[in-house]
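Heads up: the structure comes next, in structure tokens.
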Amino acid sequence: MREKKSKGYGGGFVPRKHWGQHFLVDSHIVQKILRACDLKPYDKVLEIGPGSGVLTKEIARRVEQVIAIEKDPILCSRLRGDLSTPNTTIIEADFLKYDFERLPKPLKVIGNLPYYISTPILVRLLEHHENFTEGFFTLQWEFGKRLVAGISTKDYSALSCLVQFYAEPEFLFKIKKTCFRPVPKIDSCFMKLQFLPDCRFEVKDRTFFFNLIREAFQQRRKKILNSLCGSAAKETIQDVLASLKISTEKRAGDLTLKNYADIANALLQKLNNQ
């Protein structure tokens, strides 16, 4: 039988719409998330945006340490009162600005990510991937599809490439929008990111590599020969593609992550030799 839902917040607290606050209130889904995270007694967990603490208190019962970063001062005050266990630390801070060097390593990361900052949060985690082993995230359904998307699909994007360069994304299950209060406009999904100990491919200059990918997808309908002309002369791009046996007829969504790595490395070498 499905467990009864509870509000998960109260006392006159009004969720802040501009911060994308939607609290998980379905205890059945809470337990499903906990099983998916496969928490161990020795785990140290970083929770992003604990909200009302419904998940936080359950995590704390299962692991060695929980560090929860919450931006909302009202929620932080409530969490400190409700979660008095010695293995739980509540930090009032903006996750995007918090110094990771102050955290223990390695960490599992768990979070219900607001849609409007899902991308910058994931980018920051990926850029510091060596600090983390696994990430488990509640994301909006359409956003989650982009993380696991493969080539030649409409959801395949620069974000897909970024995530798959640093991690192995896995779709775990869907979460109906009615499991949250206030109810969001669309359904969510729960996803796992297995952070890679090293990057998937050797890239000589990551900034150049990711700029190249972004440039290609910004003009995804153009042929790759034309969409990459901002990085080098058309003749240079053509020479590089020919050397790699990549058709100039392909478009951004037709190239694999390995294709982009090869193009970036070869193009950088060619530019440095000119």
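Going through the structure tokens in order, the chains are called A, B, and so on, while each chain numbers its residues from 1 and the ligands are numbered from 1 in the order shown.
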### Task
Please give the complete set of residues from region 4-117 of chain A that DSSP, run on the backbone, assigns to strand (DSSP E), formatted as a ChimeraX atom specification.
/A:23-24,44-48,65-70,88-92,107-112
Can you write out the residues you just picked, keeping N, CA and C atoms, as a compact mmCIF listing (two decimals), in the first residue's frame?
```
# COMPACT_ATOMS: atom_id res chain seq x y z
N PHE A 23 9.16 20.99 -2.29
CA PHE A 23 9.57 20.00 -1.30
C PHE A 23 8.97 18.63 -1.58
N LEU A 24 9.79 17.61 -1.50
CA LEU A 24 9.33 16.24 -1.66
C LEU A 24 8.52 15.85 -0.43
N LYS A 44 30.22 9.47 3.68
CA LYS A 44 30.09 10.89 4.01
C LYS A 44 29.28 11.51 2.87
N VAL A 45 28.21 12.19 3.22
CA VAL A 45 27.26 12.68 2.21
C VAL A 45 27.16 14.20 2.24
N LEU A 46 27.20 14.80 1.06
CA LEU A 46 26.92 16.22 0.89
C LEU A 46 25.52 16.33 0.29
N GLU A 47 24.63 17.01 0.99
CA GLU A 47 23.28 17.21 0.46
C GLU A 47 23.13 18.66 0.02
N ILE A 48 22.68 18.83 -1.20
CA ILE A 48 22.47 20.17 -1.76
C ILE A 48 21.00 20.53 -1.60
N GLN A 65 28.41 10.64 8.16
CA GLN A 65 28.35 12.10 8.26
C GLN A 65 27.49 12.68 7.14
N VAL A 66 26.69 13.70 7.48
CA VAL A 66 25.91 14.44 6.49
C VAL A 66 26.25 15.93 6.62
N ILE A 67 26.59 16.54 5.50
CA ILE A 67 26.80 17.98 5.44
C ILE A 67 25.77 18.53 4.47
N ALA A 68 24.85 19.34 4.97
CA ALA A 68 23.76 19.86 4.15
C ALA A 68 23.96 21.35 3.94
N ILE A 69 23.99 21.77 2.68
CA ILE A 69 24.15 23.19 2.34
C ILE A 69 22.82 23.75 1.88
N GLU A 70 22.34 24.74 2.61
CA GLU A 70 21.03 25.34 2.34
C GLU A 70 21.17 26.87 2.29
N THR A 88 25.33 15.39 11.79
CA THR A 88 24.71 16.25 10.79
C THR A 88 25.15 17.70 10.96
N THR A 89 25.62 18.30 9.87
CA THR A 89 26.03 19.70 9.89
C THR A 89 25.21 20.47 8.86
N ILE A 90 24.58 21.54 9.30
CA ILE A 90 23.80 22.40 8.41
C ILE A 90 24.61 23.66 8.14
N ILE A 91 24.85 23.94 6.86
CA ILE A 91 25.63 25.11 6.47
C ILE A 91 24.73 26.06 5.68
N GLU A 92 24.62 27.28 6.16
CA GLU A 92 23.88 28.30 5.42
C GLU A 92 24.81 28.95 4.40
N LEU A 107 33.17 12.30 -1.18
CA LEU A 107 31.79 12.47 -0.76
C LEU A 107 30.83 11.86 -1.77
N LYS A 108 29.70 11.38 -1.26
CA LYS A 108 28.54 11.14 -2.11
C LYS A 108 27.73 12.44 -2.10
N VAL A 109 27.12 12.78 -3.22
CA VAL A 109 26.32 14.00 -3.31
C VAL A 109 24.87 13.62 -3.59
N ILE A 110 23.96 14.25 -2.86
CA ILE A 110 22.54 14.03 -3.06
C ILE A 110 21.86 15.38 -3.09
N GLY A 111 20.93 15.58 -4.03
CA GLY A 111 20.25 16.87 -4.06
C GLY A 111 19.02 16.90 -4.93
N ASN A 112 18.08 17.71 -4.53
CA ASN A 112 16.90 18.04 -5.33
C ASN A 112 17.21 19.40 -5.95
```
### Message
Using DSSP assignments from the backbone, pull out every residue in region 106-138 of chain A that falls under helix (DSSP H, G or I) and give it to me as a ChimeraX atom specification.
### Response
/A:115-127,129-131
Could those residues be written to a file, using N, CA and C atoms, as a short mmCIF file (atom, residue, chain, number, x, y, z; two decimals), in the first residue's frame?
```
data_model
loop_
_atom_site.label_atom_id
_atom_site.label_comp_id
_atom_site.auth_asym_id
_atom_site.auth_seq_id
_atom_site.Cartn_x
_atom_site.Cartn_y
_atom_site.Cartn_z
N TYR A 115 15.37 23.81 -11.03
CA TYR A 115 15.61 23.81 -12.47
C TYR A 115 16.47 24.98 -12.93
N TYR A 116 16.22 26.15 -12.35
CA TYR A 116 16.88 27.35 -12.87
C TYR A 116 18.38 27.38 -12.59
N ILE A 117 18.86 26.55 -11.65
CA ILE A 117 20.30 26.48 -11.40
C ILE A 117 20.84 25.04 -11.50
N SER A 118 20.09 24.14 -12.11
CA SER A 118 20.57 22.76 -12.26
C SER A 118 21.88 22.71 -13.05
N THR A 119 21.95 23.46 -14.14
CA THR A 119 23.16 23.43 -14.97
C THR A 119 24.38 23.95 -14.23
N PRO A 120 24.35 25.15 -13.63
CA PRO A 120 25.55 25.61 -12.92
C PRO A 120 25.96 24.73 -11.75
N ILE A 121 24.99 24.11 -11.07
CA ILE A 121 25.34 23.20 -9.97
C ILE A 121 26.08 21.98 -10.52
N LEU A 122 25.55 21.39 -11.58
CA LEU A 122 26.19 20.22 -12.17
C LEU A 122 27.57 20.56 -12.73
N VAL A 123 27.69 21.71 -13.38
CA VAL A 123 28.98 22.13 -13.93
C VAL A 123 30.00 22.25 -12.81
N ARG A 124 29.61 22.84 -11.70
CA ARG A 124 30.55 23.02 -10.57
C ARG A 124 30.97 21.66 -10.00
N LEU A 125 30.03 20.75 -9.87
CA LEU A 125 30.35 19.41 -9.37
C LEU A 125 31.30 18.68 -10.33
N LEU A 126 31.02 18.78 -11.60
CA LEU A 126 31.84 18.09 -12.60
C LEU A 126 33.25 18.66 -12.65
N GLU A 127 33.36 19.97 -12.50
CA GLU A 127 34.68 20.59 -12.51
C GLU A 127 35.52 20.18 -11.30
N HIS A 129 35.13 17.03 -9.90
CA HIS A 129 34.70 15.63 -9.84
C HIS A 129 35.59 14.75 -8.98
N GLU A 130 36.85 15.15 -8.82
CA GLU A 130 37.78 14.33 -8.03
C GLU A 130 37.40 14.31 -6.54
N ASN A 131 36.53 15.22 -6.11
CA ASN A 131 36.10 15.26 -4.71
C ASN A 131 34.94 14.32 -4.42
#
```
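Look at Thr178 (chain A): the protein and nucleic acid residues within 10 Å of it, using only C-alpha atoms and passing over chain neighbours fewer than 3 places away, are Leu24, Val25, Asp26, Ile175, Arg181, Pro182, Val183, Pro184, Lys185, Ile186, Asp187 and Ser188 of chain A.
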Next, the residues of the selection above should be written as a PDB file, in the first residue's frame with N, CA and C atoms.
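Here's the written file again-v3.pdb:
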```
ATOM      1  N   LEU A  24       9.795  17.612  -1.496  1.00  0.00           N
ATOM      2  CA  LEU A  24       9.330  16.237  -1.662  1.00  0.00           C
ATOM      3  C   LEU A  24       8.516  15.851  -0.428  1.00  0.00           C
ATOM      4  N   VAL A  25       7.274  15.409  -0.641  1.00  0.00           N
ATOM      5  CA  VAL A  25       6.386  15.110   0.483  1.00  0.00           C
ATOM      6  C   VAL A  25       5.853  13.681   0.453  1.00  0.00           C
ATOM      7  N   ASP A  26       6.303  12.897  -0.501  1.00  0.00           N
ATOM      8  CA  ASP A  26       5.814  11.520  -0.623  1.00  0.00           C
ATOM      9  C   ASP A  26       6.818  10.580   0.045  1.00  0.00           C
ATOM     10  N   ILE A 175       9.604  10.651 -11.154  1.00  0.00           N
ATOM     11  CA  ILE A 175       8.880  11.095  -9.968  1.00  0.00           C
ATOM     12  C   ILE A 175       7.753  12.024 -10.428  1.00  0.00           C
ATOM     13  N   ARG A 181       5.369  19.565  -2.976  1.00  0.00           N
ATOM     14  CA  ARG A 181       4.576  20.717  -2.588  1.00  0.00           C
ATOM     15  C   ARG A 181       5.488  21.935  -2.526  1.00  0.00           C
ATOM     16  N   PRO A 182       5.116  23.041  -3.127  1.00  0.00           N
ATOM     17  CA  PRO A 182       3.999  23.168  -4.074  1.00  0.00           C
ATOM     18  C   PRO A 182       4.239  22.309  -5.312  1.00  0.00           C
ATOM     19  N   VAL A 183       3.179  21.958  -5.997  1.00  0.00           N
ATOM     20  CA  VAL A 183       3.280  21.069  -7.151  1.00  0.00           C
ATOM     21  C   VAL A 183       3.918  21.819  -8.325  1.00  0.00           C
ATOM     22  N   PRO A 184       5.048  21.322  -8.851  1.00  0.00           N
ATOM     23  CA  PRO A 184       5.668  21.971 -10.015  1.00  0.00           C
ATOM     24  C   PRO A 184       4.852  21.720 -11.277  1.00  0.00           C
ATOM     25  N   LYS A 185       5.281  22.332 -12.367  1.00  0.00           N
ATOM     26  CA  LYS A 185       4.524  22.222 -13.616  1.00  0.00           C
ATOM     27  C   LYS A 185       4.758  20.903 -14.337  1.00  0.00           C
ATOM     28  N   ILE A 186       5.940  20.298 -14.150  1.00  0.00           N
ATOM     29  CA  ILE A 186       6.245  19.057 -14.861  1.00  0.00           C
ATOM     30  C   ILE A 186       6.798  18.013 -13.909  1.00  0.00           C
ATOM     31  N   ASP A 187       6.849  16.771 -14.381  1.00  0.00           N
ATOM     32  CA  ASP A 187       7.381  15.666 -13.590  1.00  0.00           C
ATOM     33  C   ASP A 187       8.898  15.778 -13.462  1.00  0.00           C
ATOM     34  N   SER A 188       9.438  15.022 -12.512  1.00  0.00           N
ATOM     35  CA  SER A 188      10.873  14.989 -12.280  1.00  0.00           C
ATOM     36  C   SER A 188      11.405  13.583 -12.520  1.00  0.00           C
TER      37      SER A 188
END
```
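Distances here use only C-alpha atoms; by that measure, the residue among A:Lys204, A:Arg35, A:Lys40, A:Arg221 closest to Asp262 (chain A) is A:Lys204.
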### Message
Between A:Asn226, A:Ser27, A:Asn265, A:Thr256, which residue has the minimum interatomic distance to Phe209 (chain A), considering only C-alpha atoms?
### Response
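Selected residue with least distance to Phe209 (chain A): A:Asn265.
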### Task
Excluding Ser231 (chain A) and any residue of its chain fewer than 5 positions from it, enumerate the residues within 12 Å of it, using only C-alpha atoms, and give them as an MDAnalysis selection string.
chainID A and resid 208:216 224:226 236:237 263:264 267:268 270:271
Give me a file of those residues, with N, CA and C atoms, as a PDB file, in the first residue's frame.
```pdb
ATOM      1  N   PHE A 208      39.467  24.886 -24.391  1.00  0.00           N
ATOM      2  CA  PHE A 208      39.328  24.891 -25.848  1.00  0.00           C
ATOM      3  C   PHE A 208      38.348  23.809 -26.300  1.00  0.00           C
ATOM      4  N   PHE A 209      38.449  22.648 -25.693  1.00  0.00           N
ATOM      5  CA  PHE A 209      37.592  21.497 -26.013  1.00  0.00           C
ATOM      6  C   PHE A 209      36.119  21.822 -25.792  1.00  0.00           C
ATOM      7  N   PHE A 210      35.792  22.350 -24.603  1.00  0.00           N
ATOM      8  CA  PHE A 210      34.390  22.629 -24.297  1.00  0.00           C
ATOM      9  C   PHE A 210      33.877  23.846 -25.066  1.00  0.00           C
ATOM     10  N   ASN A 211      34.732  24.814 -25.329  1.00  0.00           N
ATOM     11  CA  ASN A 211      34.320  25.942 -26.170  1.00  0.00           C
ATOM     12  C   ASN A 211      33.980  25.476 -27.586  1.00  0.00           C
ATOM     13  N   LEU A 212      34.750  24.519 -28.080  1.00  0.00           N
ATOM     14  CA  LEU A 212      34.512  23.949 -29.401  1.00  0.00           C
ATOM     15  C   LEU A 212      33.147  23.257 -29.456  1.00  0.00           C
ATOM     16  N   ILE A 213      32.847  22.490 -28.430  1.00  0.00           N
ATOM     17  CA  ILE A 213      31.563  21.788 -28.363  1.00  0.00           C
ATOM     18  C   ILE A 213      30.404  22.782 -28.295  1.00  0.00           C
ATOM     19  N   ARG A 214      30.542  23.792 -27.430  1.00  0.00           N
ATOM     20  CA  ARG A 214      29.475  24.801 -27.317  1.00  0.00           C
ATOM     21  C   ARG A 214      29.259  25.519 -28.644  1.00  0.00           C
ATOM     22  N   GLU A 215      30.348  25.841 -29.300  1.00  0.00           N
ATOM     23  CA  GLU A 215      30.254  26.524 -30.593  1.00  0.00           C
ATOM     24  C   GLU A 215      29.502  25.670 -31.613  1.00  0.00           C
ATOM     25  N   ALA A 216      29.805  24.389 -31.628  1.00  0.00           N
ATOM     26  CA  ALA A 216      29.147  23.484 -32.580  1.00  0.00           C
ATOM     27  C   ALA A 216      27.644  23.411 -32.316  1.00  0.00           C
ATOM     28  N   ILE A 224      29.097  20.669 -39.715  1.00  0.00           N
ATOM     29  CA  ILE A 224      30.163  20.881 -38.741  1.00  0.00           C
ATOM     30  C   ILE A 224      31.287  21.746 -39.302  1.00  0.00           C
ATOM     31  N   LEU A 225      31.550  21.653 -40.574  1.00  0.00           N
ATOM     32  CA  LEU A 225      32.591  22.461 -41.206  1.00  0.00           C
ATOM     33  C   LEU A 225      32.301  23.956 -41.033  1.00  0.00           C
ATOM     34  N   ASN A 226      31.034  24.319 -41.097  1.00  0.00           N
ATOM     35  CA  ASN A 226      30.651  25.723 -40.966  1.00  0.00           C
ATOM     36  C   ASN A 226      30.462  26.151 -39.514  1.00  0.00           C
ATOM     37  N   THR A 236      41.424  25.176 -42.403  1.00  0.00           N
ATOM     38  CA  THR A 236      42.063  24.441 -41.304  1.00  0.00           C
ATOM     39  C   THR A 236      41.116  23.394 -40.733  1.00  0.00           C
ATOM     40  N   ILE A 237      39.865  23.806 -40.523  1.00  0.00           N
ATOM     41  CA  ILE A 237      38.854  22.860 -40.031  1.00  0.00           C
ATOM     42  C   ILE A 237      38.700  21.705 -41.009  1.00  0.00           C
ATOM     43  N   ILE A 263      38.952  16.133 -32.575  1.00  0.00           N
ATOM     44  CA  ILE A 263      38.965  17.383 -33.326  1.00  0.00           C
ATOM     45  C   ILE A 263      39.692  18.475 -32.539  1.00  0.00           C
ATOM     46  N   ALA A 264      39.353  18.588 -31.253  1.00  0.00           N
ATOM     47  CA  ALA A 264      39.972  19.623 -30.413  1.00  0.00           C
ATOM     48  C   ALA A 264      41.478  19.428 -30.325  1.00  0.00           C
ATOM     49  N   LEU A 267      43.062  20.066 -33.886  1.00  0.00           N
ATOM     50  CA  LEU A 267      42.958  21.453 -34.277  1.00  0.00           C
ATOM     51  C   LEU A 267      43.912  22.323 -33.458  1.00  0.00           C
ATOM     52  N   LEU A 268      44.001  22.058 -32.167  1.00  0.00           N
ATOM     53  CA  LEU A 268      44.905  22.818 -31.312  1.00  0.00           C
ATOM     54  C   LEU A 268      46.358  22.634 -31.747  1.00  0.00           C
ATOM     55  N   LYS A 270      47.394  21.858 -34.723  1.00  0.00           N
ATOM     56  CA  LYS A 270      47.580  22.506 -36.022  1.00  0.00           C
ATOM     57  C   LYS A 270      47.724  24.021 -35.858  1.00  0.00           C
ATOM     58  N   LEU A 271      46.912  24.602 -34.979  1.00  0.00           N
ATOM     59  CA  LEU A 271      46.974  26.039 -34.731  1.00  0.00           C
ATOM     60  C   LEU A 271      48.296  26.434 -34.085  1.00  0.00           C
TER      61      LEU A 271
END
```
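The nearest approach to Lys97 (chain A) among the residues A:Leu244, A:Lys71, A:Arg78, A:Glu235, with only C-alpha atoms taken into account, belongs to A:Lys71.
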10 Å contact set for Leu39 (chain A), only C-alpha atoms, chain neighbours under 3 positions out, as a PDB file with C-alpha atoms, in the first residue's frame:
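Once everything was written out, this is result.pdb:
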```
ATOM      1  CA  LEU A  34      17.250   6.016  -0.123  1.00  0.00           C
ATOM      2  CA  ARG A  35      17.343   2.520  -1.614  1.00  0.00           C
ATOM      3  CA  ALA A  36      18.703   3.860  -4.899  1.00  0.00           C
ATOM      4  CA  TYR A  42      30.992   4.692   6.335  1.00  0.00           C
ATOM      5  CA  ASP A  43      29.640   7.143   3.719  1.00  0.00           C
ATOM      6  CA  LYS A  44      30.086  10.889   4.011  1.00  0.00           C
ATOM      7  CA  VAL A  45      27.265  12.679   2.212  1.00  0.00           C
ATOM      8  CA  ILE A  59      20.261   9.876   5.355  1.00  0.00           C
ATOM      9  CA  ALA A  60      21.746  10.745   8.763  1.00  0.00           C
ATOM     10  CA  ARG A  61      20.448   7.465  10.201  1.00  0.00           C
ATOM     11  CA  ARG A  62      22.366   5.476   7.609  1.00  0.00           C
ATOM     12  CA  VAL A  63      25.751   7.169   7.157  1.00  0.00           C
ATOM     13  CA  GLU A  64      28.780   8.410   9.058  1.00  0.00           C
ATOM     14  CA  LYS A 108      28.542  11.143  -2.114  1.00  0.00           C
TER      15      LYS A 108
END
```
### Task
Find the spatial neighbours of Ile33 (chain A), counting only C-alpha atoms, within a cut-off of 8 Å - ignore same-chain residues fewer than 4 positions away - and output them as a ChimeraX atom specification.
/A:29,37,190
Restricted to C-alpha atoms, what would the selected residues look like written as a compact mmCIF listing (two decimals), in the first residue's frame?
```txt
# COMPACT_ATOMS: atom_id res chain seq x y z
CA ILE A 29 9.48 8.20 -2.94
CA CYS A 37 21.50 5.74 -3.12
CA PHE A 190 15.91 10.66 -10.14
```
